[in-house]
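One file, target_27.txt, carrying compact mmCIF, N, CA and C atoms:
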```txt
# COMPACT_ATOMS: atom_id res chain seq x y z
N MET K 82 -0.73 -11.67 -2.01
CA MET K 82 -0.45 -10.43 -1.30
C MET K 82 -1.33 -10.37 -0.06
N GLN K 83 -0.78 -9.74 0.96
CA GLN K 83 -1.52 -9.46 2.18
C GLN K 83 -1.67 -7.94 2.26
N LEU K 84 -2.82 -7.50 2.71
CA LEU K 84 -3.06 -6.06 2.86
C LEU K 84 -3.40 -5.77 4.31
N VAL K 85 -2.71 -4.79 4.86
CA VAL K 85 -2.99 -4.31 6.22
C VAL K 85 -3.35 -2.84 6.08
N VAL K 86 -4.55 -2.48 6.51
CA VAL K 86 -5.04 -1.12 6.32
C VAL K 86 -5.55 -0.57 7.65
N GLY K 87 -5.48 0.74 7.79
CA GLY K 87 -5.98 1.40 8.99
C GLY K 87 -5.55 2.85 8.98
N GLY K 88 -6.03 3.59 9.94
CA GLY K 88 -5.68 5.00 10.06
C GLY K 88 -4.25 5.17 10.55
N ALA K 89 -3.83 6.41 10.63
CA ALA K 89 -2.48 6.73 11.10
C ALA K 89 -2.30 6.23 12.54
N TYR K 90 -1.20 5.61 12.80
CA TYR K 90 -0.84 5.13 14.15
C TYR K 90 -1.90 4.22 14.74
N SER K 91 -2.48 3.36 13.91
CA SER K 91 -3.55 2.47 14.36
C SER K 91 -3.05 1.08 14.74
N GLY K 92 -1.75 0.83 14.54
CA GLY K 92 -1.19 -0.47 14.90
C GLY K 92 -0.84 -1.34 13.70
N LYS K 93 -0.79 -0.77 12.52
CA LYS K 93 -0.52 -1.56 11.31
C LYS K 93 0.89 -2.18 11.36
N ARG K 94 1.89 -1.37 11.66
CA ARG K 94 3.27 -1.88 11.72
C ARG K 94 3.41 -2.93 12.83
N LYS K 95 2.81 -2.65 13.95
CA LYS K 95 2.87 -3.59 15.08
C LYS K 95 2.27 -4.93 14.66
N PHE K 96 1.13 -4.89 13.99
CA PHE K 96 0.48 -6.11 13.52
C PHE K 96 1.41 -6.89 12.58
N VAL K 97 2.00 -6.20 11.62
CA VAL K 97 2.89 -6.86 10.66
C VAL K 97 4.09 -7.47 11.37
N ASN K 98 4.69 -6.72 12.28
CA ASN K 98 5.85 -7.24 13.01
C ASN K 98 5.51 -8.44 13.88
N GLU K 99 4.28 -8.50 14.40
CA GLU K 99 3.86 -9.65 15.21
C GLU K 99 3.51 -10.86 14.37
N GLU K 100 2.96 -10.63 13.19
CA GLU K 100 2.50 -11.73 12.33
C GLU K 100 3.58 -12.30 11.42
N PHE K 101 4.54 -11.46 11.05
CA PHE K 101 5.57 -11.86 10.08
C PHE K 101 6.93 -11.53 10.66
N SER K 102 7.85 -12.48 10.57
CA SER K 102 9.19 -12.23 11.14
C SER K 102 10.20 -11.94 10.04
N ASP K 103 11.24 -11.23 10.43
CA ASP K 103 12.38 -10.95 9.55
C ASP K 103 11.97 -10.36 8.20
N CYS K 104 11.14 -9.36 8.23
CA CYS K 104 10.66 -8.74 6.98
C CYS K 104 11.69 -7.81 6.38
N GLN K 105 11.67 -7.71 5.06
CA GLN K 105 12.36 -6.66 4.34
C GLN K 105 11.35 -5.53 4.19
N TRP K 106 11.78 -4.29 4.37
CA TRP K 106 10.85 -3.15 4.32
C TRP K 106 11.23 -2.18 3.22
N LEU K 107 10.21 -1.66 2.55
CA LEU K 107 10.35 -0.54 1.62
C LEU K 107 9.36 0.50 2.10
N SER K 108 9.85 1.69 2.42
CA SER K 108 9.00 2.69 3.05
C SER K 108 9.18 4.07 2.43
N ALA K 109 8.05 4.65 2.03
CA ALA K 109 8.07 6.03 1.55
C ALA K 109 8.45 6.98 2.68
N TYR K 110 8.18 6.57 3.93
CA TYR K 110 8.50 7.40 5.08
C TYR K 110 10.01 7.50 5.31
N GLU K 111 10.76 6.59 4.67
CA GLU K 111 12.23 6.63 4.72
C GLU K 111 12.78 7.18 3.40
N ASN K 112 11.93 7.86 2.64
CA ASN K 112 12.29 8.46 1.35
C ASN K 112 12.77 7.44 0.32
N GLN K 113 12.26 6.22 0.41
CA GLN K 113 12.60 5.21 -0.58
C GLN K 113 11.58 5.26 -1.71
N PRO K 114 12.04 5.29 -2.95
CA PRO K 114 11.10 5.32 -4.08
C PRO K 114 10.42 3.96 -4.26
N LEU K 115 9.18 4.00 -4.71
CA LEU K 115 8.39 2.78 -4.88
C LEU K 115 9.04 1.82 -5.87
N ASP K 116 9.68 2.33 -6.90
CA ASP K 116 10.25 1.44 -7.90
C ASP K 116 11.36 0.55 -7.35
N GLN K 117 11.82 0.81 -6.13
CA GLN K 117 12.82 -0.05 -5.50
C GLN K 117 12.25 -1.43 -5.14
N TRP K 118 10.94 -1.57 -5.18
CA TRP K 118 10.36 -2.88 -4.86
C TRP K 118 10.86 -3.94 -5.84
N LYS K 119 11.24 -3.52 -7.03
CA LYS K 119 11.74 -4.47 -8.03
C LYS K 119 13.10 -5.03 -7.66
N LEU K 120 13.76 -4.40 -6.70
CA LEU K 120 15.08 -4.84 -6.28
C LEU K 120 15.04 -5.75 -5.06
N ILE K 121 13.86 -6.24 -4.71
CA ILE K 121 13.75 -7.09 -3.53
C ILE K 121 14.64 -8.31 -3.68
N ASP K 122 15.10 -8.79 -2.57
CA ASP K 122 15.96 -9.97 -2.55
C ASP K 122 15.10 -11.21 -2.69
N ASN K 123 14.97 -11.69 -3.90
CA ASN K 123 14.13 -12.87 -4.16
C ASN K 123 14.72 -14.15 -3.61
N THR K 124 15.97 -14.10 -3.19
CA THR K 124 16.58 -15.29 -2.62
C THR K 124 16.27 -15.41 -1.14
N ALA K 125 15.77 -14.34 -0.55
CA ALA K 125 15.44 -14.36 0.88
C ALA K 125 14.07 -15.01 1.09
N ASP K 126 13.93 -15.65 2.21
CA ASP K 126 12.64 -16.25 2.57
C ASP K 126 11.71 -15.24 3.22
N SER K 127 12.27 -14.11 3.60
CA SER K 127 11.51 -13.15 4.39
C SER K 127 10.47 -12.41 3.57
N PRO K 128 9.33 -12.11 4.20
CA PRO K 128 8.29 -11.32 3.52
C PRO K 128 8.80 -9.92 3.19
N PHE K 129 8.18 -9.32 2.20
CA PHE K 129 8.55 -7.98 1.77
C PHE K 129 7.39 -7.04 2.08
N VAL K 130 7.63 -6.05 2.92
CA VAL K 130 6.59 -5.11 3.36
C VAL K 130 6.78 -3.79 2.62
N ILE K 131 5.67 -3.27 2.09
CA ILE K 131 5.71 -2.01 1.33
C ILE K 131 4.71 -1.05 1.97
N GLU K 132 5.21 0.08 2.46
CA GLU K 132 4.36 1.04 3.16
C GLU K 132 4.61 2.46 2.68
N GLY K 133 3.61 3.31 2.88
CA GLY K 133 3.74 4.71 2.51
C GLY K 133 3.08 5.03 1.18
N TRP K 134 2.12 4.23 0.81
CA TRP K 134 1.47 4.37 -0.50
C TRP K 134 0.91 5.76 -0.73
N GLU K 135 0.34 6.37 0.31
CA GLU K 135 -0.26 7.69 0.13
C GLU K 135 0.79 8.73 -0.28
N VAL K 136 2.04 8.54 0.16
CA VAL K 136 3.12 9.45 -0.22
C VAL K 136 3.44 9.28 -1.70
N TRP K 137 3.58 8.03 -2.13
CA TRP K 137 3.88 7.77 -3.54
C TRP K 137 2.73 8.19 -4.45
N ILE K 138 1.51 8.01 -3.98
CA ILE K 138 0.34 8.42 -4.78
C ILE K 138 0.33 9.93 -4.95
N ARG K 139 0.58 10.65 -3.87
CA ARG K 139 0.60 12.12 -3.95
C ARG K 139 1.71 12.60 -4.89
N GLU K 140 2.89 12.00 -4.80
CA GLU K 140 4.00 12.37 -5.69
C GLU K 140 3.62 12.15 -7.15
N GLU K 141 3.02 11.01 -7.43
CA GLU K 141 2.64 10.70 -8.82
C GLU K 141 1.53 11.63 -9.30
N TRP K 142 0.60 11.96 -8.41
CA TRP K 142 -0.49 12.89 -8.74
C TRP K 142 0.07 14.27 -9.09
N LYS K 143 1.06 14.73 -8.32
CA LYS K 143 1.67 16.03 -8.59
C LYS K 143 2.39 16.04 -9.93
N LYS K 144 3.02 14.91 -10.29
CA LYS K 144 3.72 14.82 -11.57
C LYS K 144 2.74 14.72 -12.74
N ALA K 145 1.76 13.84 -12.64
CA ALA K 145 0.88 13.55 -13.77
C ALA K 145 -0.29 14.52 -13.87
N GLY K 146 -0.90 14.83 -12.73
CA GLY K 146 -2.02 15.77 -12.73
C GLY K 146 -3.30 15.25 -13.33
N GLU K 147 -3.34 13.98 -13.67
CA GLU K 147 -4.54 13.39 -14.26
C GLU K 147 -4.92 12.15 -13.46
N LEU K 148 -6.13 12.13 -12.95
CA LEU K 148 -6.56 11.04 -12.07
C LEU K 148 -6.44 9.66 -12.72
N GLU K 149 -6.98 9.52 -13.90
CA GLU K 149 -7.04 8.19 -14.52
C GLU K 149 -5.66 7.61 -14.81
N SER K 150 -4.73 8.45 -15.25
CA SER K 150 -3.38 7.93 -15.53
C SER K 150 -2.68 7.49 -14.24
N VAL K 151 -2.89 8.22 -13.16
CA VAL K 151 -2.28 7.84 -11.88
C VAL K 151 -2.92 6.56 -11.37
N ARG K 152 -4.21 6.47 -11.50
CA ARG K 152 -4.93 5.26 -11.07
C ARG K 152 -4.42 4.04 -11.83
N LYS K 153 -4.31 4.14 -13.13
CA LYS K 153 -3.84 3.02 -13.95
C LYS K 153 -2.38 2.67 -13.62
N HIS K 154 -1.58 3.69 -13.34
CA HIS K 154 -0.18 3.48 -12.97
C HIS K 154 -0.08 2.56 -11.75
N PHE K 155 -0.86 2.86 -10.72
CA PHE K 155 -0.79 2.07 -9.49
C PHE K 155 -1.47 0.71 -9.64
N GLU K 156 -2.51 0.63 -10.45
CA GLU K 156 -3.12 -0.67 -10.73
C GLU K 156 -2.09 -1.58 -11.40
N SER K 157 -1.32 -1.02 -12.31
CA SER K 157 -0.29 -1.79 -13.01
C SER K 157 0.79 -2.27 -12.03
N ILE K 158 1.21 -1.40 -11.15
CA ILE K 158 2.23 -1.78 -10.15
C ILE K 158 1.72 -2.91 -9.26
N LEU K 159 0.49 -2.79 -8.79
CA LEU K 159 -0.08 -3.83 -7.92
C LEU K 159 -0.21 -5.16 -8.66
N SER K 160 -0.60 -5.12 -9.92
CA SER K 160 -0.69 -6.35 -10.72
C SER K 160 0.67 -6.99 -10.89
N GLU K 161 1.67 -6.16 -11.14
CA GLU K 161 3.03 -6.67 -11.30
C GLU K 161 3.54 -7.28 -9.99
N MET K 162 3.25 -6.63 -8.87
CA MET K 162 3.65 -7.17 -7.57
C MET K 162 3.00 -8.53 -7.31
N GLN K 163 1.74 -8.62 -7.66
CA GLN K 163 1.00 -9.87 -7.47
C GLN K 163 1.65 -10.98 -8.32
N HIS K 164 2.00 -10.67 -9.53
CA HIS K 164 2.63 -11.64 -10.43
C HIS K 164 3.98 -12.08 -9.89
N VAL K 165 4.80 -11.13 -9.45
CA VAL K 165 6.13 -11.45 -8.92
C VAL K 165 6.01 -12.30 -7.66
N GLU K 166 5.05 -11.97 -6.81
CA GLU K 166 4.86 -12.76 -5.59
C GLU K 166 4.52 -14.22 -5.93
N LYS K 167 3.65 -14.41 -6.89
CA LYS K 167 3.28 -15.78 -7.29
C LYS K 167 4.48 -16.53 -7.88
N ARG K 168 5.27 -15.83 -8.67
CA ARG K 168 6.42 -16.46 -9.32
C ARG K 168 7.51 -16.82 -8.31
N THR K 169 7.78 -15.92 -7.35
CA THR K 169 8.89 -16.12 -6.41
C THR K 169 8.47 -16.82 -5.12
N GLN K 170 7.17 -16.85 -4.85
CA GLN K 170 6.66 -17.41 -3.60
C GLN K 170 7.15 -16.63 -2.37
N GLN K 171 7.56 -15.39 -2.59
CA GLN K 171 7.98 -14.53 -1.49
C GLN K 171 6.81 -13.63 -1.12
N PRO K 172 6.30 -13.73 0.12
CA PRO K 172 5.12 -12.95 0.51
C PRO K 172 5.35 -11.44 0.38
N VAL K 173 4.34 -10.76 -0.16
CA VAL K 173 4.33 -9.31 -0.25
C VAL K 173 3.22 -8.80 0.67
N ILE K 174 3.57 -7.89 1.55
CA ILE K 174 2.62 -7.32 2.49
C ILE K 174 2.52 -5.83 2.23
N LEU K 175 1.34 -5.37 1.93
CA LEU K 175 1.09 -3.95 1.68
C LEU K 175 0.49 -3.33 2.93
N ILE K 176 1.05 -2.23 3.39
CA ILE K 176 0.46 -1.47 4.48
C ILE K 176 -0.06 -0.17 3.87
N MET K 177 -1.37 0.04 4.00
CA MET K 177 -1.98 1.22 3.39
C MET K 177 -2.77 2.00 4.43
N LEU K 178 -2.76 3.30 4.25
CA LEU K 178 -3.44 4.22 5.16
C LEU K 178 -4.87 4.42 4.72
N GLU K 179 -5.80 4.23 5.63
CA GLU K 179 -7.20 4.57 5.38
C GLU K 179 -7.32 6.06 5.62
N MET K 180 -7.77 6.77 4.60
CA MET K 180 -7.79 8.23 4.68
C MET K 180 -9.20 8.77 4.72
N GLY K 181 -9.42 9.69 5.60
CA GLY K 181 -10.64 10.48 5.57
C GLY K 181 -11.81 10.00 6.37
N ARG K 182 -12.04 8.70 6.40
CA ARG K 182 -13.22 8.15 7.09
C ARG K 182 -14.49 8.89 6.66
N GLY K 183 -14.57 9.23 5.37
CA GLY K 183 -15.76 9.87 4.84
C GLY K 183 -15.72 11.38 4.83
N VAL K 184 -14.71 11.98 5.43
CA VAL K 184 -14.58 13.43 5.44
C VAL K 184 -14.02 13.88 4.09
N VAL K 185 -14.72 14.79 3.43
CA VAL K 185 -14.30 15.26 2.12
C VAL K 185 -13.49 16.55 2.29
N PRO K 186 -12.22 16.53 1.85
CA PRO K 186 -11.39 17.74 1.96
C PRO K 186 -11.94 18.89 1.11
N LEU K 187 -11.74 20.11 1.58
CA LEU K 187 -12.20 21.28 0.84
C LEU K 187 -11.35 21.55 -0.39
N ASP K 188 -10.06 21.32 -0.27
CA ASP K 188 -9.14 21.60 -1.36
C ASP K 188 -9.28 20.55 -2.48
N LYS K 189 -9.34 21.01 -3.71
CA LYS K 189 -9.54 20.14 -4.87
C LYS K 189 -8.43 19.10 -4.99
N ASP K 190 -7.18 19.50 -4.81
CA ASP K 190 -6.06 18.56 -4.91
C ASP K 190 -6.07 17.54 -3.78
N ASP K 191 -6.44 17.98 -2.59
CA ASP K 191 -6.54 17.04 -1.47
C ASP K 191 -7.66 16.02 -1.70
N ARG K 192 -8.76 16.47 -2.31
CA ARG K 192 -9.85 15.54 -2.65
C ARG K 192 -9.38 14.52 -3.67
N ALA K 193 -8.66 14.98 -4.68
CA ALA K 193 -8.15 14.07 -5.71
C ALA K 193 -7.19 13.04 -5.10
N TRP K 194 -6.32 13.51 -4.21
CA TRP K 194 -5.37 12.62 -3.53
C TRP K 194 -6.10 11.58 -2.69
N ARG K 195 -7.10 12.03 -1.95
CA ARG K 195 -7.89 11.12 -1.14
C ARG K 195 -8.61 10.10 -2.01
N ASP K 196 -9.20 10.56 -3.12
CA ASP K 196 -9.90 9.67 -4.03
C ASP K 196 -8.94 8.65 -4.64
N LEU K 197 -7.80 9.11 -5.12
CA LEU K 197 -6.81 8.20 -5.69
C LEU K 197 -6.35 7.16 -4.68
N SER K 198 -6.10 7.61 -3.47
CA SER K 198 -5.67 6.67 -2.42
C SER K 198 -6.74 5.62 -2.16
N GLY K 199 -7.98 6.04 -2.15
CA GLY K 199 -9.09 5.11 -1.96
C GLY K 199 -9.22 4.11 -3.10
N TRP K 200 -9.06 4.60 -4.33
CA TRP K 200 -9.14 3.70 -5.49
C TRP K 200 -8.02 2.67 -5.48
N VAL K 201 -6.80 3.13 -5.16
CA VAL K 201 -5.66 2.21 -5.10
C VAL K 201 -5.89 1.18 -3.99
N LEU K 202 -6.40 1.63 -2.87
CA LEU K 202 -6.69 0.72 -1.77
C LEU K 202 -7.72 -0.33 -2.17
N GLN K 203 -8.73 0.05 -2.93
CA GLN K 203 -9.73 -0.91 -3.40
C GLN K 203 -9.11 -1.97 -4.31
N VAL K 204 -8.22 -1.54 -5.19
CA VAL K 204 -7.55 -2.50 -6.08
C VAL K 204 -6.69 -3.45 -5.26
N ALA K 205 -5.97 -2.91 -4.29
CA ALA K 205 -5.12 -3.74 -3.43
C ALA K 205 -5.97 -4.76 -2.67
N ALA K 206 -7.11 -4.32 -2.15
CA ALA K 206 -7.99 -5.24 -1.42
C ALA K 206 -8.52 -6.34 -2.33
N GLU K 207 -8.83 -5.99 -3.55
CA GLU K 207 -9.32 -6.97 -4.51
C GLU K 207 -8.26 -8.02 -4.82
N LYS K 208 -7.02 -7.60 -4.97
CA LYS K 208 -5.93 -8.49 -5.35
C LYS K 208 -5.37 -9.29 -4.16
N ALA K 209 -5.55 -8.77 -2.96
CA ALA K 209 -4.96 -9.40 -1.77
C ALA K 209 -5.65 -10.72 -1.43
N GLU K 210 -4.85 -11.66 -0.95
CA GLU K 210 -5.39 -12.93 -0.46
C GLU K 210 -6.07 -12.73 0.88
N SER K 211 -5.51 -11.82 1.69
CA SER K 211 -6.14 -11.50 2.97
C SER K 211 -6.03 -10.00 3.22
N VAL K 212 -7.02 -9.48 3.94
CA VAL K 212 -7.07 -8.06 4.28
C VAL K 212 -7.33 -7.95 5.78
N HIS K 213 -6.47 -7.20 6.45
CA HIS K 213 -6.62 -6.95 7.89
C HIS K 213 -6.83 -5.47 8.11
N TYR K 214 -7.80 -5.12 8.94
CA TYR K 214 -8.06 -3.72 9.28
C TYR K 214 -7.61 -3.49 10.72
N CYS K 215 -6.79 -2.47 10.94
CA CYS K 215 -6.27 -2.16 12.27
C CYS K 215 -6.85 -0.85 12.77
N TRP K 216 -7.17 -0.81 14.04
CA TRP K 216 -7.60 0.41 14.71
C TRP K 216 -7.35 0.24 16.20
N HIS K 217 -6.89 1.29 16.84
CA HIS K 217 -6.61 1.31 18.29
C HIS K 217 -5.74 0.12 18.73
N GLY K 218 -4.84 -0.31 17.86
CA GLY K 218 -3.95 -1.42 18.21
C GLY K 218 -4.58 -2.79 18.07
N LEU K 219 -5.82 -2.84 17.61
CA LEU K 219 -6.52 -4.12 17.41
C LEU K 219 -6.61 -4.37 15.91
N SER K 220 -6.82 -5.62 15.54
CA SER K 220 -6.98 -5.91 14.12
C SER K 220 -8.10 -6.92 13.92
N ARG K 221 -8.68 -6.84 12.73
CA ARG K 221 -9.73 -7.77 12.35
C ARG K 221 -9.49 -8.17 10.90
N GLN K 222 -9.58 -9.46 10.64
CA GLN K 222 -9.43 -9.92 9.26
C GLN K 222 -10.75 -9.73 8.55
N LEU K 223 -10.70 -9.01 7.42
CA LEU K 223 -11.90 -8.72 6.63
C LEU K 223 -12.03 -9.69 5.45
N LYS K 224 -10.91 -10.21 5.02
CA LYS K 224 -10.91 -11.11 3.86
C LYS K 224 -9.91 -12.22 4.11
```

Could you write out this file's structure as structure tokens?
Amino acid sequence: MQLVVGGAYSGKRKFVNEEFSDCQWLSAYENQPLDQWKLIDNTADSPFVIEGWEVWIREEWKKAGELESVRKHFESILSEMQHVEKRTQQPVILIMLEMGRGVVPLDKDDRAWRDLSGWVLQVAAEKAESVHYCWHGLSRQLK
């Protein structure tokens, strides 16, 4: 797996489009549910890009209401994605939003959402073969 992380409008999509051609996209911003990743075209050579994690995390948090169960849910999904990528040899690229930059939200639910997003991002970074951080349209490989 490849991970591309950065703040909102920091150049993450631009980076992916420049580095990888003919990608298949799954996006929470297009109201696509995360479980659709299982329907990827494994016969295609093109990389599979998955973006909008913070949206899916917030939706799951609202449904479950328990931090640990949501955290484990997304850890399981990331592990399964990693396994499928190895089996199919089809690259999976995760685009994740860096949230907060250390600013702690006042609202309890917003804090939980921010924390969950950070935990999921850490798991993704651990599992990823490479990690790129984007800001101001620039990128740096961290891993």

Inset, instruction - Can you work out which one of K:Leu107, K:Leu223, K:Leu175, K:Ile138 has the shortest atom-to-atom distance to Gln163 of chain K, counting only C-alpha atoms? - result: K:Leu175

Legend entry - Which of K:Ile131, K:Val185, K:Val204, K:Leu178 sits closest to Asp116 of chain K [using only C-alpha atoms]: K:Ile131

Inset, instruction - State, in Å with one decimal place, the distance from atom CA of Trp137 of chain K to atom CA of Glu100 of chain K. - result: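 Calculated distance between atom CA of Trp137 of chain K and atom CA of Glu100 of chain K is 25.2 Å.
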
Legend entry - Separation of atom CA of Lys95 of chain K from atom CA of Glu161 of chain K in Å: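 Result for atom CA of Glu161 of chain K versus atom CA of Lys95 of chain K: 26.6 Å, one decimal.
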
Inset, instruction - State, in Å with one decimal place, the distance from atom CA of Leu197 of chain K to atom CA of Thr169 of chain K. - result: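 According to the coordinates, atom CA of Leu197 of chain K and atom CA of Thr169 of chain K are separated by 29.0 Å.
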
Inset, instruction - Find, counting all atoms listed in the file, the residue in K:Trp118, K:Phe129, K:Tyr110, K:Trp200 that gets nearest to Glu156 of chain K. - result: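 Going through K:Trp118, K:Phe129, K:Tyr110, K:Trp200 one by one, the smallest distance to Glu156 of chain K is for K:Trp200.
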